[in-house]
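A.B. asks: Enclosed is the structure file start-v1.pdb (PDB, C-alpha atoms, pLDDT in the B column).
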```
MODEL        1
ATOM      1  CA  MET A   1     134.418  90.628 163.524  1.00 40.00           C
ATOM      2  CA  SER A   2     131.816  92.052 161.139  1.00 40.00           C
ATOM      3  CA  LYS A   3     128.213  92.025 162.340  1.00 39.00           C
ATOM      4  CA  TYR A   4     126.871  90.187 159.319  1.00 36.00           C
ATOM      5  CA  THR A   5     128.990  87.041 159.610  1.00 39.00           C
ATOM      6  CA  GLN A   6     126.362  84.308 159.497  1.00 43.00           C
ATOM      7  CA  VAL A   7     128.161  80.947 159.566  1.00 40.00           C
ATOM      8  CA  HIS A   8     128.232  79.808 163.194  1.00 41.00           C
ATOM      9  CA  GLU A   9     130.725  76.973 162.577  1.00 41.00           C
ATOM     10  CA  ASN A  10     133.272  79.363 161.061  1.00 47.00           C
ATOM     11  CA  PRO A  11     132.719  82.877 162.450  1.00 52.00           C
ATOM     12  CA  ARG A  12     135.656  84.270 160.447  1.00 73.00           C
ATOM     13  CA  ALA A  13     134.475  82.984 157.065  1.00 78.00           C
ATOM     14  CA  VAL A  14     132.820  86.180 155.816  1.00 81.00           C
ATOM     15  CA  ASP A  15     135.471  88.356 157.446  1.00 80.00           C
ATOM     16  CA  ASP A  16     138.160  86.419 155.562  1.00 84.00           C
ATOM     17  CA  LEU A  17     136.221  86.976 152.336  1.00 85.00           C
ATOM     18  CA  LEU A  18     135.998  90.706 153.041  1.00 84.00           C
ATOM     19  CA  ALA A  19     139.725  90.765 153.817  1.00 83.00           C
ATOM     20  CA  ALA A  20     140.496  89.155 150.459  1.00 86.00           C
ATOM     21  CA  TYR A  21     138.265  91.736 148.764  1.00 85.00           C
ATOM     22  CA  GLY A  22     140.098  94.555 150.559  1.00 81.00           C
ATOM     23  CA  ALA A  23     143.415  93.068 149.432  1.00 81.00           C
ATOM     24  CA  GLY A  24     142.214  92.835 145.822  1.00 84.00           C
ATOM     25  CA  SER A  25     142.841  89.090 145.638  1.00 86.00           C
ATOM     26  CA  LEU A  26     139.393  87.765 144.641  1.00 90.00           C
ATOM     27  CA  ASP A  27     138.435  86.356 141.249  1.00 91.00           C
ATOM     28  CA  PRO A  28     135.836  88.373 139.269  1.00 94.00           C
ATOM     29  CA  ALA A  29     132.857  86.289 140.447  1.00 94.00           C
ATOM     30  CA  ARG A  30     133.670  86.570 144.161  1.00 93.00           C
ATOM     31  CA  HIS A  31     134.622  90.216 143.716  1.00 93.00           C
ATOM     32  CA  ALA A  32     131.173  90.923 142.257  1.00 94.00           C
ATOM     33  CA  LEU A  33     129.550  88.965 145.097  1.00 95.00           C
ATOM     34  CA  VAL A  34     131.304  90.941 147.822  1.00 93.00           C
ATOM     35  CA  ALA A  35     130.815  94.287 146.060  1.00 92.00           C
ATOM     36  CA  THR A  36     127.080  93.546 145.871  1.00 94.00           C
ATOM     37  CA  HIS A  37     127.024  92.526 149.543  1.00 93.00           C
ATOM     38  CA  LEU A  38     128.670  95.815 150.528  1.00 91.00           C
ATOM     39  CA  LEU A  39     126.098  97.775 148.532  1.00 90.00           C
ATOM     40  CA  LEU A  40     123.247  95.951 150.282  1.00 91.00           C
ATOM     41  CA  LYS A  41     124.922  95.880 153.711  1.00 86.00           C
ATOM     42  CA  PRO A  42     126.773  99.208 154.020  1.00 84.00           C
ATOM     43  CA  GLU A  43     127.538  98.468 157.691  1.00 80.00           C
ATOM     44  CA  ASN A  44     130.496  96.382 156.485  1.00 77.00           C
ATOM     45  CA  ARG A  45     132.034  99.118 154.327  1.00 76.00           C
ATOM     46  CA  ARG A  46     133.935 100.595 157.261  1.00 74.00           C
ATOM     47  CA  PHE A  47     135.452  97.170 157.971  1.00 67.00           C
ATOM     48  CA  VAL A  48     136.646  96.830 154.376  1.00 71.00           C
ATOM     49  CA  ARG A  49     138.025 100.378 154.303  1.00 70.00           C
ATOM     50  CA  MET A  50     140.165  99.579 157.342  1.00 67.00           C
ATOM     51  CA  LEU A  51     141.438  96.430 155.645  1.00 64.00           C
ATOM     52  CA  GLU A  52     142.292  98.424 152.523  1.00 59.00           C
ATOM     53  CA  ASN A  53     144.209 100.874 154.704  1.00 60.00           C
ATOM     54  CA  VAL A  54     146.231  97.989 156.154  1.00 57.00           C
ATOM     55  CA  VAL A  55     147.168  96.811 152.654  1.00 51.00           C
ATOM     56  CA  ALA A  56     148.102 100.336 151.595  1.00 50.00           C
ATOM     57  CA  ALA A  57     150.223 100.826 154.734  1.00 50.00           C
ATOM     58  CA  ASP A  58     152.032  97.557 154.054  1.00 53.00           C
ATOM     59  CA  LEU A  59     152.882  98.615 150.513  1.00 48.00           C
ATOM     60  CA  LEU A  60     154.308 101.883 151.795  1.00 51.00           C
ATOM     61  CA  ALA A  61     156.223 100.065 154.519  1.00 58.00           C
ATOM     62  CA  GLU A  62     157.734  97.614 152.039  1.00 57.00           C
ATOM     63  CA  ARG A  63     158.821 100.447 149.779  1.00 55.00           C
ATOM     64  CA  ALA A  64     160.393 102.200 152.746  1.00 54.00           C
ATOM     65  CA  GLY A  65     162.209  99.012 153.798  1.00 54.00           C
ATOM     66  CA  THR A  66     160.515  98.885 157.226  1.00 52.00           C
ATOM     67  CA  VAL A  67     159.079  95.847 159.021  1.00 48.00           C
ATOM     68  CA  SER A  68     155.312  95.457 158.619  1.00 51.00           C
ATOM     69  CA  ARG A  69     152.999  94.697 161.566  1.00 56.00           C
ATOM     70  CA  ARG A  70     150.202  93.540 159.280  1.00 55.00           C
ATOM     71  CA  ASP A  71     149.136  90.533 161.382  1.00 60.00           C
ATOM     72  CA  ALA A  72     148.750  92.632 164.515  1.00 56.00           C
ATOM     73  CA  ARG A  73     146.784  95.300 162.669  1.00 53.00           C
ATOM     74  CA  LEU A  74     144.511  92.698 161.081  1.00 53.00           C
ATOM     75  CA  ALA A  75     143.888  91.126 164.501  1.00 56.00           C
ATOM     76  CA  ALA A  76     142.885  94.527 165.862  1.00 52.00           C
ATOM     77  CA  ILE A  77     140.452  95.013 162.977  1.00 48.00           C
ATOM     78  CA  PHE A  78     138.898  91.558 163.457  1.00 51.00           C
ATOM     79  CA  ASP A  79     138.362  92.353 167.154  1.00 53.00           C
ATOM     80  CA  CYS A  80     136.774  95.755 166.617  1.00 50.00           C
ATOM     81  CA  GLU A  81     133.072  96.552 166.573  1.00 48.00           C
ATOM     82  CA  ASP A  82     131.586  97.937 163.383  1.00 46.00           C
ATOM     83  CA  ALA A  83     130.067 101.388 163.644  1.00 41.00           C
ATOM     84  CA  PRO A  84     126.936 102.109 161.616  1.00 42.00           C
ATOM     85  CA  VAL A  85     127.682 103.648 158.249  1.00 40.00           C
ATOM     86  CA  ALA A  86     125.021 105.566 156.394  1.00 39.00           C
ATOM     87  CA  SER A  87     124.212 104.267 152.953  1.00 42.00           C
ATOM     88  CA  PRO A  88     125.073 106.829 150.268  1.00 37.00           C
ATOM     89  CA  ALA A  89     121.927 108.286 148.781  1.00 33.00           C
ATOM     90  CA  GLN A  90     123.125 107.601 145.265  1.00 37.00           C
ATOM     91  CA  ALA A  91     123.951 103.952 145.859  1.00 42.00           C
ATOM     92  CA  GLY A  92     120.516 102.363 145.734  1.00 44.00           C
ATOM     93  CA  ASP A  93     120.316  98.633 145.177  1.00 48.00           C
ATOM     94  CA  GLY A  94     119.514  98.450 141.480  1.00 53.00           C
ATOM     95  CA  GLY A  95     116.458  96.265 142.104  1.00 76.00           C
ATOM     96  CA  VAL A  96     117.031  92.521 142.453  1.00 84.00           C
ATOM     97  CA  LEU A  97     120.417  92.730 140.705  1.00 90.00           C
ATOM     98  CA  PRO A  98     122.517  95.576 142.103  1.00 91.00           C
ATOM     99  CA  GLU A  99     124.972  97.262 139.760  1.00 91.00           C
ATOM    100  CA  PRO A 100     128.144  95.241 140.592  1.00 92.00           C
ATOM    101  CA  LEU A 101     126.336  91.987 139.846  1.00 93.00           C
ATOM    102  CA  ARG A 102     124.694  93.325 136.674  1.00 92.00           C
ATOM    103  CA  ARG A 103     128.106  94.449 135.464  1.00 92.00           C
ATOM    104  CA  TYR A 104     129.573  90.993 136.105  1.00 93.00           C
ATOM    105  CA  MET A 105     126.651  89.227 134.401  1.00 92.00           C
ATOM    106  CA  GLY A 106     126.365  91.663 131.499  1.00 91.00           C
ATOM    107  CA  CYS A 107     122.566  91.549 131.531  1.00 89.00           C
ATOM    108  CA  GLU A 108     119.402  92.347 133.466  1.00 89.00           C
ATOM    109  CA  LEU A 109     117.330  89.812 135.402  1.00 89.00           C
ATOM    110  CA  LYS A 110     114.654  89.828 132.688  1.00 88.00           C
ATOM    111  CA  ASP A 111     117.289  88.588 130.215  1.00 89.00           C
ATOM    112  CA  VAL A 112     118.373  85.604 132.328  1.00 90.00           C
ATOM    113  CA  SER A 113     117.761  82.159 130.797  1.00 91.00           C
ATOM    114  CA  TRP A 114     116.804  79.683 133.533  1.00 93.00           C
ATOM    115  CA  SER A 115     117.433  75.935 133.393  1.00 91.00           C
ATOM    116  CA  PHE A 116     115.509  73.249 135.307  1.00 90.00           C
ATOM    117  CA  VAL A 117     117.417  71.594 138.187  1.00 83.00           C
ATOM    118  CA  VAL A 118     114.746  69.851 140.287  1.00 82.00           C
ATOM    119  CA  PRO A 119     111.070  70.799 140.819  1.00 87.00           C
ATOM    120  CA  GLY A 120     110.965  74.306 142.255  1.00 90.00           C
ATOM    121  CA  VAL A 121     114.620  75.067 141.530  1.00 89.00           C
ATOM    122  CA  ARG A 122     116.013  76.882 138.479  1.00 91.00           C
ATOM    123  CA  GLU A 123     119.600  77.826 137.700  1.00 91.00           C
ATOM    124  CA  CYS A 124     121.446  80.134 135.331  1.00 93.00           C
ATOM    125  CA  ARG A 125     125.129  79.227 135.063  1.00 93.00           C
ATOM    126  CA  LEU A 126     127.170  82.348 134.483  1.00 92.00           C
ATOM    127  CA  GLY A 127     130.631  80.858 134.119  1.00 90.00           C
ATOM    128  CA  GLU A 128     133.287  78.538 135.484  1.00 90.00           C
ATOM    129  CA  VAL A 129     135.355  79.363 138.568  1.00 86.00           C
ATOM    130  CA  GLY A 130     138.196  76.860 138.770  1.00 82.00           C
ATOM    131  CA  ARG A 131     136.494  73.485 139.110  1.00 84.00           C
ATOM    132  CA  GLY A 132     133.312  75.232 140.258  1.00 87.00           C
ATOM    133  CA  THR A 133     130.792  77.683 138.879  1.00 89.00           C
ATOM    134  CA  ALA A 134     129.160  81.058 139.355  1.00 93.00           C
ATOM    135  CA  SER A 135     125.375  80.769 139.134  1.00 92.00           C
ATOM    136  CA  LEU A 136     122.095  82.472 139.810  1.00 94.00           C
ATOM    137  CA  LEU A 137     119.621  80.215 141.611  1.00 92.00           C
ATOM    138  CA  ARG A 138     115.870  80.758 141.853  1.00 93.00           C
ATOM    139  CA  VAL A 139     114.117  78.594 144.447  1.00 92.00           C
ATOM    140  CA  ARG A 140     110.359  78.611 144.883  1.00 93.00           C
ATOM    141  CA  ALA A 141     108.953  79.771 148.225  1.00 94.00           C
ATOM    142  CA  GLY A 142     108.785  76.972 150.771  1.00 91.00           C
ATOM    143  CA  ARG A 143     111.045  74.608 148.816  1.00 89.00           C
ATOM    144  CA  ARG A 144     114.183  72.869 149.975  1.00 85.00           C
ATOM    145  CA  LEU A 145     117.345  72.518 147.950  1.00 82.00           C
ATOM    146  CA  PRO A 146     118.539  68.925 147.512  1.00 80.00           C
ATOM    147  CA  GLN A 147     120.634  67.613 150.411  1.00 79.00           C
ATOM    148  CA  HIS A 148     124.280  68.208 149.579  1.00 76.00           C
ATOM    149  CA  THR A 149     127.788  68.765 150.823  1.00 76.00           C
ATOM    150  CA  HIS A 150     130.776  70.360 149.068  1.00 74.00           C
ATOM    151  CA  GLU A 151     134.115  69.291 147.645  1.00 74.00           C
ATOM    152  CA  GLY A 152     135.322  72.844 148.176  1.00 76.00           C
ATOM    153  CA  SER A 153     133.682  76.080 149.279  1.00 81.00           C
ATOM    154  CA  GLU A 154     130.270  77.489 148.378  1.00 88.00           C
ATOM    155  CA  ILE A 155     129.643  81.207 148.874  1.00 91.00           C
ATOM    156  CA  THR A 156     126.022  82.326 148.521  1.00 92.00           C
ATOM    157  CA  LEU A 157     124.615  85.868 148.472  1.00 95.00           C
ATOM    158  CA  VAL A 158     120.857  86.289 148.979  1.00 95.00           C
ATOM    159  CA  LEU A 159     119.220  88.723 146.524  1.00 95.00           C
ATOM    160  CA  THR A 160     115.510  88.141 147.253  1.00 92.00           C
ATOM    161  CA  GLY A 161     113.622  86.218 149.904  1.00 94.00           C
ATOM    162  CA  ALA A 162     115.404  84.257 152.618  1.00 94.00           C
ATOM    163  CA  PHE A 163     116.544  80.737 153.408  1.00 94.00           C
ATOM    164  CA  SER A 164     117.584  78.780 156.480  1.00 88.00           C
ATOM    165  CA  ASP A 165     119.849  75.838 157.247  1.00 83.00           C
ATOM    166  CA  PRO A 166     121.282  74.462 160.509  1.00 80.00           C
ATOM    167  CA  LEU A 167     123.848  77.257 160.575  1.00 80.00           C
ATOM    168  CA  GLY A 168     121.490  80.225 160.398  1.00 84.00           C
ATOM    169  CA  ARG A 169     118.898  82.242 158.483  1.00 90.00           C
ATOM    170  CA  TYR A 170     119.996  84.388 155.549  1.00 92.00           C
ATOM    171  CA  MET A 171     118.128  87.375 154.128  1.00 93.00           C
ATOM    172  CA  ARG A 172     118.729  89.886 151.321  1.00 93.00           C
ATOM    173  CA  GLY A 173     122.361  90.980 151.336  1.00 92.00           C
ATOM    174  CA  ASP A 174     123.568  88.219 153.674  1.00 92.00           C
ATOM    175  CA  ILE A 175     126.411  85.875 152.731  1.00 92.00           C
ATOM    176  CA  ALA A 176     126.415  82.173 153.622  1.00 89.00           C
ATOM    177  CA  VAL A 177     129.646  80.183 153.429  1.00 88.00           C
ATOM    178  CA  ALA A 178     129.660  76.373 153.390  1.00 83.00           C
ATOM    179  CA  ASP A 179     132.407  73.780 152.888  1.00 77.00           C
ATOM    180  CA  ALA A 180     133.081  70.055 152.986  1.00 68.00           C
ATOM    181  CA  ALA A 181     132.259  69.898 156.700  1.00 74.00           C
ATOM    182  CA  ILE A 182     128.648  70.937 156.044  1.00 77.00           C
ATOM    183  CA  ASP A 183     125.929  68.610 154.743  1.00 76.00           C
ATOM    184  CA  HIS A 184     122.694  70.563 154.456  1.00 77.00           C
ATOM    185  CA  SER A 185     119.394  71.061 152.656  1.00 80.00           C
ATOM    186  CA  PRO A 186     118.656  74.807 152.779  1.00 86.00           C
ATOM    187  CA  GLU A 187     114.947  75.679 153.036  1.00 89.00           C
ATOM    188  CA  VAL A 188     113.443  78.839 151.515  1.00 92.00           C
ATOM    189  CA  ASP A 189     110.946  80.877 153.541  1.00 93.00           C
ATOM    190  CA  SER A 190     107.327  80.348 152.550  1.00 91.00           C
ATOM    191  CA  GLU A 191     106.535  84.024 151.873  1.00 91.00           C
ATOM    192  CA  GLU A 192     108.697  84.709 148.806  1.00 93.00           C
ATOM    193  CA  ASP A 193     110.824  83.002 146.160  1.00 94.00           C
ATOM    194  CA  CYS A 194     114.545  83.170 146.861  1.00 95.00           C
ATOM    195  CA  ILE A 195     117.066  84.299 144.265  1.00 95.00           C
ATOM    196  CA  CYS A 196     120.727  83.839 145.174  1.00 94.00           C
ATOM    197  CA  PHE A 197     124.107  84.371 143.551  1.00 95.00           C
ATOM    198  CA  ALA A 198     126.320  81.387 144.381  1.00 93.00           C
ATOM    199  CA  VAL A 199     130.016  80.798 143.672  1.00 93.00           C
ATOM    200  CA  THR A 200     131.657  77.407 144.193  1.00 88.00           C
ATOM    201  CA  ASP A 201     135.265  76.340 143.630  1.00 84.00           C
ATOM    202  CA  ALA A 202     134.434  72.638 143.205  1.00 78.00           C
ATOM    203  CA  PRO A 203     131.321  70.584 142.391  1.00 77.00           C
ATOM    204  CA  LEU A 204     128.571  70.041 144.947  1.00 74.00           C
ATOM    205  CA  VAL A 205     128.011  66.477 146.131  1.00 74.00           C
ATOM    206  CA  LEU A 206     124.360  65.396 146.447  1.00 76.00           C
ATOM    207  CA  THR A 207     124.041  63.152 149.496  1.00 73.00           C
ATOM    208  CA  SER A 208     120.438  61.915 149.590  1.00 64.00           C
ATOM    209  CA  PRO A 209     119.746  58.556 147.839  1.00 57.00           C
ATOM    210  CA  LEU A 210     117.679  60.250 145.121  1.00 55.00           C
ATOM    211  CA  GLY A 211     120.232  63.030 144.787  1.00 51.00           C
ATOM    212  CA  ARG A 212     123.035  60.566 144.169  1.00 48.00           C
ATOM    213  CA  VAL A 213     121.017  58.929 141.388  1.00 48.00           C
ATOM    214  CA  VAL A 214     120.266  62.324 139.805  1.00 49.00           C
ATOM    215  CA  GLN A 215     123.944  63.313 140.025  1.00 49.00           C
ATOM    216  CA  ARG A 216     125.055  60.103 138.293  1.00 49.00           C
ATOM    217  CA  ILE A 217     122.535  60.636 135.486  1.00 39.00           C
ATOM    218  CA  PHE A 218     123.657  64.258 135.090  1.00 45.00           C
ATOM    219  CA  ALA A 219     127.335  63.176 134.958  1.00 46.00           C
ATOM    220  CA  MET A 220     126.545  60.616 132.248  1.00 42.00           C
ATOM    221  CA  ARG A 221     124.907  63.322 130.125  1.00 41.00           C
ATOM    222  CA  HIS A 222     127.976  65.530 130.370  1.00 42.00           C
TER     223      HIS A 222
ENDMDL
END
```
Give the structure from this file in structure tokens form.
C.D. replies:
Amino acid sequence: MSKYTQVHENPRAVDDLLAAYGAGSLDPARHALVATHLLLKPENRRFVRMLENVVAADLLAERAGTVSRRDARLAAIFDCEDAPVASPAQAGDGGVLPEPLRRYMGCELKDVSWSFVVPGVRECRLGEVGRGTASLLRVRAGRRLPQHTHEGSEITLVLTGAFSDPLGRYMRGDIAVADAAIDHSPEVDSEEDCICFAVTDAPLVLTSPLGRVVQRIFAMRH
């Protein structure tokens, strides 16, 4: 299991995401999210390289007509400890928006157009992902996001600052994964604004009384 898995309720969530990245099966938004995570958290690169080797070995085995032991090899990888991996000197982090995310967005942070969500929260929607969206979120220091749960999954990568919810605390480079079983109101640390890249595959569901009213009004406008 990778050292940077943060979701206590589902300790395999980030590992599964990394496995999908290694297999090349992610959509462009999630691919950019994981690529950015790996640039900011190079400790997980070794884990992904091993997963990529499993996929490559399976392809060779299939071509040779032999029986693959993919599940056993994946289990061994999930059970291994990650060894520290030095960050390449040329990698850098590209400032707030590392290169994989800038490439996906097609712009710099200074060019982002923010829209009002609730006081202290701004959003830039980057595109649709199935029934969900890929977005940048900027949350003012010390603020809480509206209480919400999820129709599907929500994958969030922290780019600046940090936030906490009942499942953990997430800092720059960390990935948080939430689903329909989680009803939370993430709170940003008081020292710095938090900018995150979030990808959902279905709409969020606001669960506080005020949130439900706001969501109905928003739905009527669209």
A.B. asks: What would the selection look like, as a PyMOL selection string, if the PyMOL selection byres ((chain A and resi 132-145) around 7) were run on the coordinates I just shared?
C.D. replies: chain A and resi 29+120-131+146-147+185-203
A.B. asks: Between A:Leu17, A:Leu204, A:Met105, A:Ala176, which is the closest to Arg30 of chain A once you count only C-alpha atoms?
C.D. replies: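 For Arg30 of chain A, the nearest of the given residues is A:Leu17.
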A.B. asks: Rank nothing, just name the residue among A:Asp174, A:Asp27, A:Glu43, A:Asp111 nearest to Thr160 of chain A, using only C-alpha atoms.
C.D. replies: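 Closest candidate: A:Asp174.
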A.B. asks: With a distance cut-off of 12 Å and only C-alpha atoms, select the neighbouring residues of Pro100 of chain A, excluding the residue or stretch itself and same-chain residues fewer than 5 positions from it, and output the selection as a CSV table (one decimal) with C-alpha atoms, in the coordinates of the input.
C.D. replies:
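Now in out_6.csv:
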```csv
chain,number,residue,atom,x,y,z
A,28,PRO,CA,135.8,88.4,139.3
A,29,ALA,CA,132.9,86.3,140.4
A,30,ARG,CA,133.7,86.6,144.2
A,31,HIS,CA,134.6,90.2,143.7
A,32,ALA,CA,131.2,90.9,142.3
A,33,LEU,CA,129.6,89.0,145.1
A,34,VAL,CA,131.3,90.9,147.8
A,35,ALA,CA,130.8,94.3,146.1
A,36,THR,CA,127.1,93.5,145.9
A,37,HIS,CA,127.0,92.5,149.5
A,38,LEU,CA,128.7,95.8,150.5
A,39,LEU,CA,126.1,97.8,148.5
A,40,LEU,CA,123.2,96.0,150.3
A,91,ALA,CA,124.0,104.0,145.9
A,92,GLY,CA,120.5,102.4,145.7
A,93,ASP,CA,120.3,98.6,145.2
A,94,GLY,CA,119.5,98.4,141.5
A,95,GLY,CA,116.5,96.3,142.1
A,105,MET,CA,126.7,89.2,134.4
A,106,GLY,CA,126.4,91.7,131.5
A,107,CYS,CA,122.6,91.5,131.5
A,108,GLU,CA,119.4,92.3,133.5
A,197,PHE,CA,124.1,84.4,143.6
```
A.B. asks: Mind giving me the straight-line distance from atom CA of Gly24 of chain A to atom CA of Pro42 of chain A in Å, one decimal?
C.D. replies: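 Atom-to-atom, atom CA of Gly24 of chain A to atom CA of Pro42 of chain A, that is 18.6 Å.
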A.B. asks: Kindly give the distance, in Å, that separates atom CA of Arg45 of chain A and atom CA of Gly22 of chain A, rounded to a single decimal.
C.D. replies: 10.0 Å
A.B. asks: What is the atom CA of His184 of chain A to atom CA of Lys41 of chain A distance in Å?
C.D. replies: 25.4 Å
A.B. asks: Looking at A:Trp114, A:Leu157, A:Arg103, A:Val48, which one is nearest to Asp15 of chain A, with distances taken over all atoms listed in the file?
C.D. replies: A:Val48
A.B. asks: Between A:Leu159, A:Arg46, A:Gly168, A:His150, which is the closest to Leu101 of chain A once you count only C-alpha atoms?
C.D. replies: A:Leu159
A.B. asks: Smallest atom-to-atom distance to Tyr170 of chain A: which of A:Val158, A:Arg12, A:Tyr104, A:Lys110, using all atoms listed in the file?
C.D. replies: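 Looking only at the distances to Tyr170 of chain A, the closest residue turns out to be A:Val158.
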